[in-house]
file start.pdb (PDB, C-alpha atoms)
ATOM      1  CA  MET A 727     -26.939 -65.603  -5.079
ATOM      2  CA  PHE A 728     -23.410 -64.222  -4.916
ATOM      3  CA  PRO A 729     -20.755 -66.754  -6.004
ATOM      4  CA  GLU A 730     -18.394 -68.166  -3.394
ATOM      5  CA  ARG A 731     -15.390 -67.128  -5.483
ATOM      6  CA  PHE A 732     -15.593 -63.762  -7.214
ATOM      7  CA  ASN A 733     -12.786 -61.914  -8.956
ATOM      8  CA  LEU A 734     -13.236 -58.467 -10.479
ATOM      9  CA  ALA A 735     -10.703 -59.211 -13.226
ATOM     10  CA  ASP A 736     -12.802 -62.191 -14.292
ATOM     11  CA  TYR A 737     -16.000 -60.158 -14.131
ATOM     12  CA  TYR A 738     -14.814 -57.031 -15.978
ATOM     13  CA  LEU A 739     -12.153 -58.362 -18.363
ATOM     14  CA  PHE A 740     -11.771 -62.095 -18.814
ATOM     15  CA  ALA A 741     -15.537 -62.667 -19.177
ATOM     16  CA  ARG A 742     -15.522 -60.293 -22.176
ATOM     17  CA  VAL A 743     -12.986 -62.530 -23.900
ATOM     18  CA  GLY A 744     -15.128 -65.552 -23.002
ATOM     19  CA  GLU A 745     -18.155 -63.827 -24.567
ATOM     20  CA  GLY A 746     -16.324 -63.635 -27.897
ATOM     21  CA  LEU A 747     -15.265 -59.991 -27.652
ATOM     22  CA  GLY A 748     -11.550 -60.812 -27.597
ATOM     23  CA  ASP A 749     -10.825 -59.099 -30.909
ATOM     24  CA  LYS A 750     -12.885 -55.987 -30.136
ATOM     25  CA  PRO A 751     -11.222 -52.771 -28.949
ATOM     26  CA  ALA A 752     -11.117 -52.483 -25.173
ATOM     27  CA  LEU A 753      -8.714 -49.591 -24.772
ATOM     28  CA  LEU A 754      -7.736 -46.659 -26.983
ATOM     29  CA  PHE A 755      -4.614 -44.579 -26.434
ATOM     30  CA  GLY A 756      -3.748 -41.981 -29.055
ATOM     31  CA  PRO A 757      -3.303 -43.893 -32.311
ATOM     32  CA  ARG A 758      -3.069 -47.253 -30.491
ATOM     33  CA  SER A 759      -5.881 -49.680 -29.889
ATOM     34  CA  TYR A 760      -5.729 -52.667 -27.527
ATOM     35  CA  THR A 761      -8.229 -55.512 -27.851
ATOM     36  CA  TYR A 762      -9.776 -57.300 -24.897
ATOM     37  CA  ARG A 763      -7.494 -60.244 -25.683
ATOM     38  CA  ALA A 764      -4.372 -58.051 -25.710
ATOM     39  CA  VAL A 765      -5.316 -56.450 -22.380
ATOM     40  CA  ALA A 766      -6.124 -59.893 -20.936
ATOM     41  CA  ARG A 767      -2.761 -61.331 -22.094
ATOM     42  CA  ARG A 768      -0.808 -58.472 -20.537
ATOM     43  CA  SER A 769      -2.904 -58.669 -17.365
ATOM     44  CA  LEU A 770      -2.253 -62.405 -17.020
ATOM     45  CA  ALA A 771       1.433 -61.807 -17.682
ATOM     46  CA  PHE A 772       1.456 -59.215 -14.883
ATOM     47  CA  ALA A 773      -0.317 -61.649 -12.548
ATOM     48  CA  ARG A 774       2.438 -64.193 -13.293
ATOM     49  CA  LEU A 775       5.063 -61.526 -12.710
ATOM     50  CA  LEU A 776       3.558 -60.868  -9.276
ATOM     51  CA  HIS A 777       3.564 -64.598  -8.562
ATOM     52  CA  ARG A 778       7.229 -64.945  -9.581
ATOM     53  CA  GLY A 779       8.027 -61.921  -7.413
ATOM     54  CA  ASP A 780       6.384 -63.646  -4.438
ATOM     55  CA  VAL A 781       3.639 -61.043  -4.172
ATOM     56  CA  ARG A 782       0.975 -63.061  -2.388
ATOM     57  CA  ARG A 783      -2.784 -62.923  -2.351
ATOM     58  CA  GLY A 784      -3.983 -60.073  -0.142
ATOM     59  CA  GLU A 785      -0.765 -58.068  -0.440
ATOM     60  CA  ARG A 786      -0.952 -54.537  -1.747
ATOM     61  CA  VAL A 787       0.247 -53.332  -5.117
ATOM     62  CA  LEU A 788       0.522 -49.559  -5.369
ATOM     63  CA  LEU A 789      -0.171 -48.000  -8.774
ATOM     64  CA  ALA A 790       1.369 -44.572  -9.327
ATOM     65  CA  LEU A 791       0.605 -44.113 -13.002
ATOM     66  CA  THR A 792      -0.803 -41.424 -15.240
ATOM     67  CA  ASP A 793      -3.557 -42.327 -17.735
ATOM     68  CA  LEU A 794      -1.603 -45.003 -19.591
ATOM     69  CA  PRO A 795      -2.585 -48.440 -20.935
ATOM     70  CA  PRO A 796      -0.261 -50.270 -18.497
ATOM     71  CA  PHE A 797      -2.591 -49.054 -15.734
ATOM     72  CA  ALA A 798      -5.191 -51.526 -17.094
ATOM     73  CA  TRP A 799      -2.915 -54.547 -17.089
ATOM     74  CA  ALA A 800      -1.451 -53.702 -13.690
ATOM     75  CA  LEU A 801      -4.952 -53.248 -12.260
ATOM     76  CA  PHE A 802      -6.455 -56.424 -13.743
ATOM     77  CA  GLY A 803      -3.280 -58.449 -13.202
ATOM     78  CA  THR A 804      -3.214 -57.503  -9.531
ATOM     79  CA  LEU A 805      -6.879 -58.400  -9.156
ATOM     80  CA  ALA A 806      -6.360 -61.704 -10.994
ATOM     81  CA  ARG A 807      -3.518 -62.523  -8.596
ATOM     82  CA  GLY A 808      -5.748 -61.752  -5.630
ATOM     83  CA  GLY A 809      -3.785 -58.665  -4.670
ATOM     84  CA  VAL A 810      -5.192 -55.477  -3.229
ATOM     85  CA  ILE A 811      -4.961 -52.310  -5.316
ATOM     86  CA  ALA A 812      -3.784 -49.058  -3.785
ATOM     87  CA  MET A 813      -3.426 -45.943  -5.900
ATOM     88  CA  ALA A 814      -1.175 -42.941  -5.614
ATOM     89  CA  ASN A 815      -1.108 -39.604  -7.345
ATOM     90  CA  PRO A 816       1.987 -39.908  -9.566
ATOM     91  CA  HIS A 817       2.432 -36.145  -9.319
ATOM     92  CA  GLY A 818       2.419 -36.146  -5.522
ATOM     93  CA  THR A 819       5.447 -35.061  -3.561
ATOM     94  CA  ALA A 820       8.186 -37.531  -2.691
ATOM     95  CA  GLU A 821       7.107 -37.318   0.958
ATOM     96  CA  GLN A 822       3.474 -38.118   0.075
ATOM     97  CA  LEU A 823       4.539 -41.132  -2.000
ATOM     98  CA  GLN A 824       6.855 -42.396   0.745
ATOM     99  CA  ARG A 825       4.106 -42.045   3.336
ATOM    100  CA  LEU A 826       1.661 -43.936   1.093
ATOM    101  CA  VAL A 827       4.116 -46.799   0.531
ATOM    102  CA  ARG A 828       4.625 -47.101   4.278
ATOM    103  CA  TYR A 829       0.906 -46.733   5.089
ATOM    104  CA  THR A 830      -0.272 -49.329   2.547
ATOM    105  CA  ARG A 831       2.672 -51.644   3.254
ATOM    106  CA  ALA A 832       2.809 -52.259  -0.504
ATOM    107  CA  THR A 833       5.062 -55.110  -1.565
ATOM    108  CA  ALA A 834       5.105 -53.930  -5.189
ATOM    109  CA  VAL A 835       4.719 -50.641  -7.024
ATOM    110  CA  VAL A 836       3.988 -49.915 -10.679
ATOM    111  CA  ALA A 837       5.032 -46.342 -11.380
ATOM    112  CA  ILE A 838       6.129 -43.828 -13.957
ATOM    113  CA  GLU A 839       9.852 -43.065 -14.097
ATOM    114  CA  PRO A 840      10.015 -39.990 -11.796
ATOM    115  CA  VAL A 841       8.081 -41.828  -9.064
ATOM    116  CA  ALA A 842      10.282 -44.911  -9.406
ATOM    117  CA  ALA A 843      13.434 -42.795  -9.114
ATOM    118  CA  ALA A 844      12.099 -41.067  -5.975
ATOM    119  CA  LEU A 845      11.130 -44.407  -4.422
ATOM    120  CA  ALA A 846      14.540 -45.950  -5.197
ATOM    121  CA  ASP A 847      16.246 -43.018  -3.445
ATOM    122  CA  ALA A 848      13.905 -43.314  -0.456
ATOM    123  CA  PHE A 849      14.544 -47.066  -0.267
ATOM    124  CA  ARG A 850      18.325 -46.541  -0.236
ATOM    125  CA  ASN A 851      17.845 -44.196   2.728
ATOM    126  CA  GLY A 852      15.569 -46.585   4.641
ATOM    127  CA  TRP A 853      12.493 -44.360   4.447
ATOM    128  CA  LEU A 854      10.036 -46.921   2.998
ATOM    129  CA  GLY A 855       9.824 -49.675   5.578
ATOM    130  CA  ASP A 856      10.721 -53.258   4.784
ATOM    131  CA  GLU A 857       7.721 -54.598   2.816
ATOM    132  CA  LEU A 858       8.464 -53.106  -0.616
ATOM    133  CA  ARG A 859      10.345 -55.582  -2.825
ATOM    134  CA  HIS A 860       9.541 -54.638  -6.449
ATOM    135  CA  VAL A 861       9.102 -51.532  -8.563
ATOM    136  CA  TRP A 862       8.019 -51.998 -12.174
ATOM    137  CA  ILE A 863       8.502 -48.874 -14.242
ATOM    138  CA  VAL A 864       6.432 -47.428 -17.090
ATOM    139  CA  PRO A 865       7.545 -44.525 -19.293
ATOM    140  CA  ASP A 866       5.345 -41.467 -18.783
ATOM    141  CA  ALA A 867       4.335 -41.392 -22.437
ATOM    142  CA  ALA A 868       2.299 -38.763 -24.231
ATOM    143  CA  SER A 869      -0.640 -40.112 -26.228
ATOM    144  CA  GLU A 870       1.463 -40.288 -29.396
ATOM    145  CA  ALA A 871       4.371 -42.117 -27.720
ATOM    146  CA  ASP A 872       4.658 -45.834 -27.014
ATOM    147  CA  PRO A 873       3.599 -46.564 -23.423
ATOM    148  CA  GLU A 874       5.548 -49.809 -23.664
ATOM    149  CA  GLY A 875       8.645 -48.147 -25.053
ATOM    150  CA  PRO A 876      12.111 -47.941 -23.534
ATOM    151  CA  LEU A 877      12.750 -46.210 -20.245
ATOM    152  CA  GLY A 878      14.724 -43.015 -19.976
ATOM    153  CA  ASP A 879      18.134 -42.583 -18.390
ATOM    154  CA  THR A 880      16.762 -41.571 -14.978
ATOM    155  CA  ALA A 881      14.815 -44.782 -14.373
ATOM    156  CA  PRO A 882      16.351 -47.016 -11.695
ATOM    157  CA  ARG A 883      17.227 -50.525 -12.862
ATOM    158  CA  GLY A 884      18.407 -53.694 -11.212
ATOM    159  CA  VAL A 885      18.724 -54.383  -7.514
ATOM    160  CA  ILE A 886      18.794 -51.339  -5.253
ATOM    161  CA  PRO A 887      20.493 -52.008  -1.895
ATOM    162  CA  GLY A 888      18.788 -50.773   1.238
ATOM    163  CA  PRO A 889      19.611 -50.714   4.916
ATOM    164  CA  GLY A 890      20.093 -53.963   6.789
ATOM    165  CA  GLY A 891      20.679 -56.058   3.664
ATOM    166  CA  ALA A 892      17.223 -55.303   2.194
ATOM    167  CA  SER A 893      16.961 -55.055  -1.569
ATOM    168  CA  LEU A 894      14.515 -53.558  -4.034
ATOM    169  CA  ARG A 895      14.207 -54.903  -7.582
ATOM    170  CA  CYS A 896      13.516 -52.254 -10.229
ATOM    171  CA  ALA A 897      12.698 -53.163 -13.823
ATOM    172  CA  SER A 898      10.866 -52.007 -16.912
ATOM    173  CA  LEU A 899       7.296 -53.295 -16.832
ATOM    174  CA  ALA A 900       7.242 -53.734 -20.624
ATOM    175  CA  GLU A 901      10.435 -55.820 -20.621
ATOM    176  CA  ALA A 902       9.231 -57.937 -17.691
ATOM    177  CA  LEU A 903       5.870 -58.573 -19.377
ATOM    178  CA  GLN A 904       7.537 -59.561 -22.647
ATOM    179  CA  ALA A 905       9.390 -62.279 -20.748
ATOM    180  CA  GLU A 906       6.089 -63.542 -19.270
ATOM    181  CA  LEU A 907       3.894 -63.436 -22.391
ATOM    182  CA  PRO A 908       5.092 -66.767 -23.825
ATOM    183  CA  SER A 909       4.106 -68.538 -20.586
ATOM    184  CA  VAL A 910       0.652 -66.934 -20.803
ATOM    185  CA  ASP A 911       0.251 -68.176 -24.387
ATOM    186  CA  ASP A 912       1.270 -71.698 -23.333
ATOM    187  CA  ALA A 913      -1.248 -71.820 -20.468
TER     188      ALA A 913
END

call {"tool": "encode", "arguments": {"input": "start.pdb", "output": "structure tokens"}}
result
Amino acid sequence: MFPERFNLADYYLFARVGEGLGDKPALLFGPRSYTYRAVARRSLAFARLLHRGDVRRGERVLLALTDLPPFAWALFGTLARGGVIAMANPHGTAEQLQRLVRYTRATAVVAIEPVAAALADAFRNGWLGDELRHVWIVPDAASEADPEGPLGDTAPRGVIPGPGGASLRCASLAEALQAELPSVDDA
């Protein structure tokens, strides 16, 4: 019998922690290893970030990331929040990314720096529609670099004004998650 309430984040991630695998490696990235517990903490922190950003259950979160660990916490955090995942090729053209944001009506995007910069420019020009409210940015790190490290100079930050008084909030995903992790530990 299928349960009345089913969440893929619970099934694939949080159940592993519940089974006692919390300290086992779940994700390897170059020299870095992330345990199931570490991935779960970051995923819960991202779910809280979505909640604080008023991203509601059933709304779309677009992931435009290369093969980086933050993909896991954005994916599982969105699922834990009850959001719908949409994915974009982070190496697509600006026009393709704009069309995908409009088509999915995403309210939030998690993207590498070049995608975030292109989306911020498109937002300023009114090319993205009015649903998008948040862009969380991840450095496009090589396997030896820190995928939670600082952003480069081209990454948009702060509130980006758009047409008609609309605004888009752009922030480092790593910095935003660090602010949420204590609340996850207290829960």

call {"tool": "resolve_selection", "arguments": {"input": "start.pdb", "expression": "the PyMOL selection byres ((chain A and resi 884-893) around 6)", "output": "CSV table (one decimal) with C-alpha atoms, in the coordinates of the input"}}
result
chain,number,residue,atom,x,y,z
A,849,PHE,CA,14.5,-47.1,-0.3
A,850,ARG,CA,18.3,-46.5,-0.2
A,852,GLY,CA,15.6,-46.6,4.6
A,883,ARG,CA,17.2,-50.5,-12.9
A,894,LEU,CA,14.5,-53.6,-4.0
A,895,ARG,CA,14.2,-54.9,-7.6
A,896,CYS,CA,13.5,-52.3,-10.2

call {"tool": "residues_around", "arguments": {"input": "start.pdb", "residues": "Trp853 in chain A", "least_positions_apart": "5", "cutoff": "9 Å", "atoms": "only C-alpha atoms", "output": "PyMOL selection string"}}
result
chain A and resi 824-825+828+845+847-848

call {"tool": "atom_distance", "arguments": {"input": "start.pdb", "atom1": "CA of Glu857 in chain A", "atom2": "CA of Leu789 in chain A"}}
result
15.5 Å

call {"tool": "closest_residue", "arguments": {"input": "start.pdb", "among": "A:Leu823, A:Leu753, A:Leu801, A:Ala832", "to": "Val787 in chain A", "atoms": "all atoms listed in the file"}}
result
A:Ala832

call {"tool": "atom_distance", "arguments": {"input": "start.pdb", "atom1": "CA of Asp749 in chain A", "atom2": "CA of Tyr762 in chain A"}}
result
6.4 Å

call {"tool": "axis_aligned_box", "arguments": {"input": "start.pdb", "around": "range 875-885 of chain A", "padding_each_side": "5 Å", "output": "JSON"}}
result
{"center_x": 13.7, "center_y": -48.0, "center_z": -16.3, "size_x": 20.1, "size_y": 22.8, "size_z": 27.5}

call {"tool": "resolve_selection", "arguments": {"input": "start.pdb", "expression": "the PyMOL selection byres ((chain A and resi 903) around 12)", "output": "NGL selection string"}}
result
:A and (765 or 767-776 or 778 or 796 or 799-800 or 803 or 862-864 or 874 or 897-902 or 904-910)

call {"tool": "write_last_selection", "arguments": {"input": "start.pdb", "atoms": "C-alpha atoms", "output": "PDB file, keeping the file's coordinate frame"}}
result
ATOM      1  CA  VAL A 765      -5.316 -56.450 -22.380  1.00  0.00           C
ATOM      2  CA  ARG A 767      -2.761 -61.331 -22.094  1.00  0.00           C
ATOM      3  CA  ARG A 768      -0.808 -58.472 -20.537  1.00  0.00           C
ATOM      4  CA  SER A 769      -2.904 -58.669 -17.365  1.00  0.00           C
ATOM      5  CA  LEU A 770      -2.253 -62.405 -17.020  1.00  0.00           C
ATOM      6  CA  ALA A 771       1.433 -61.807 -17.682  1.00  0.00           C
ATOM      7  CA  PHE A 772       1.456 -59.215 -14.883  1.00  0.00           C
ATOM      8  CA  ALA A 773      -0.317 -61.649 -12.548  1.00  0.00           C
ATOM      9  CA  ARG A 774       2.438 -64.193 -13.293  1.00  0.00           C
ATOM     10  CA  LEU A 775       5.063 -61.526 -12.710  1.00  0.00           C
ATOM     11  CA  LEU A 776       3.558 -60.868  -9.276  1.00  0.00           C
ATOM     12  CA  ARG A 778       7.229 -64.945  -9.581  1.00  0.00           C
ATOM     13  CA  PRO A 796      -0.261 -50.270 -18.497  1.00  0.00           C
ATOM     14  CA  TRP A 799      -2.915 -54.547 -17.089  1.00  0.00           C
ATOM     15  CA  ALA A 800      -1.451 -53.702 -13.690  1.00  0.00           C
ATOM     16  CA  GLY A 803      -3.280 -58.449 -13.202  1.00  0.00           C
ATOM     17  CA  TRP A 862       8.019 -51.998 -12.174  1.00  0.00           C
ATOM     18  CA  ILE A 863       8.502 -48.874 -14.242  1.00  0.00           C
ATOM     19  CA  VAL A 864       6.432 -47.428 -17.090  1.00  0.00           C
ATOM     20  CA  GLU A 874       5.548 -49.809 -23.664  1.00  0.00           C
ATOM     21  CA  ALA A 897      12.698 -53.163 -13.823  1.00  0.00           C
ATOM     22  CA  SER A 898      10.866 -52.007 -16.912  1.00  0.00           C
ATOM     23  CA  LEU A 899       7.296 -53.295 -16.832  1.00  0.00           C
ATOM     24  CA  ALA A 900       7.242 -53.734 -20.624  1.00  0.00           C
ATOM     25  CA  GLU A 901      10.435 -55.820 -20.621  1.00  0.00           C
ATOM     26  CA  ALA A 902       9.231 -57.937 -17.691  1.00  0.00           C
ATOM     27  CA  GLN A 904       7.537 -59.561 -22.647  1.00  0.00           C
ATOM     28  CA  ALA A 905       9.390 -62.279 -20.748  1.00  0.00           C
ATOM     29  CA  GLU A 906       6.089 -63.542 -19.270  1.00  0.00           C
ATOM     30  CA  LEU A 907       3.894 -63.436 -22.391  1.00  0.00           C
ATOM     31  CA  PRO A 908       5.092 -66.767 -23.825  1.00  0.00           C
ATOM     32  CA  SER A 909       4.106 -68.538 -20.586  1.00  0.00           C
ATOM     33  CA  VAL A 910       0.652 -66.934 -20.803  1.00  0.00           C
TER      34      VAL A 910
END

call {"tool": "resolve_selection", "arguments": {"input": "start.pdb", "expression": "the PyMOL selection byres ((chain A and resi 742) around 12)", "output": "PyMOL selection string"}}
result
chain A and resi 735-741+743-752+761-766

call {"tool": "residues_around", "arguments": {"input": "start.pdb", "residues": "Arg783 in chain A", "least_positions_apart": "3", "cutoff": "10 Å", "atoms": "all atoms listed in the file", "output": "list in words"}}
result
Leu776, His777, Asp780, Arg786, Thr804, Leu805, Ala806, Arg807, Gly808, Gly809 and Val810 of chain A

call {"tool": "atom_distance", "arguments": {"input": "start.pdb", "atom1": "CA of Val836 in chain A", "atom2": "CA of Phe732 in chain A"}}
result
24.2 Å

call {"tool": "closest_residue", "arguments": {"input": "start.pdb", "among": "A:Leu754, A:Ala842, A:Ala837, A:Leu734", "to": "Pro795 in chain A", "atoms": "all atoms listed in the file"}}
result
A:Leu754

call {"tool": "closest_residue", "arguments": {"input": "start.pdb", "among": "A:Ala790, A:Phe802, A:Ala871, A:Glu785", "to": "Gln822 in chain A", "atoms": "all atoms listed in the file"}}
result
A:Ala790
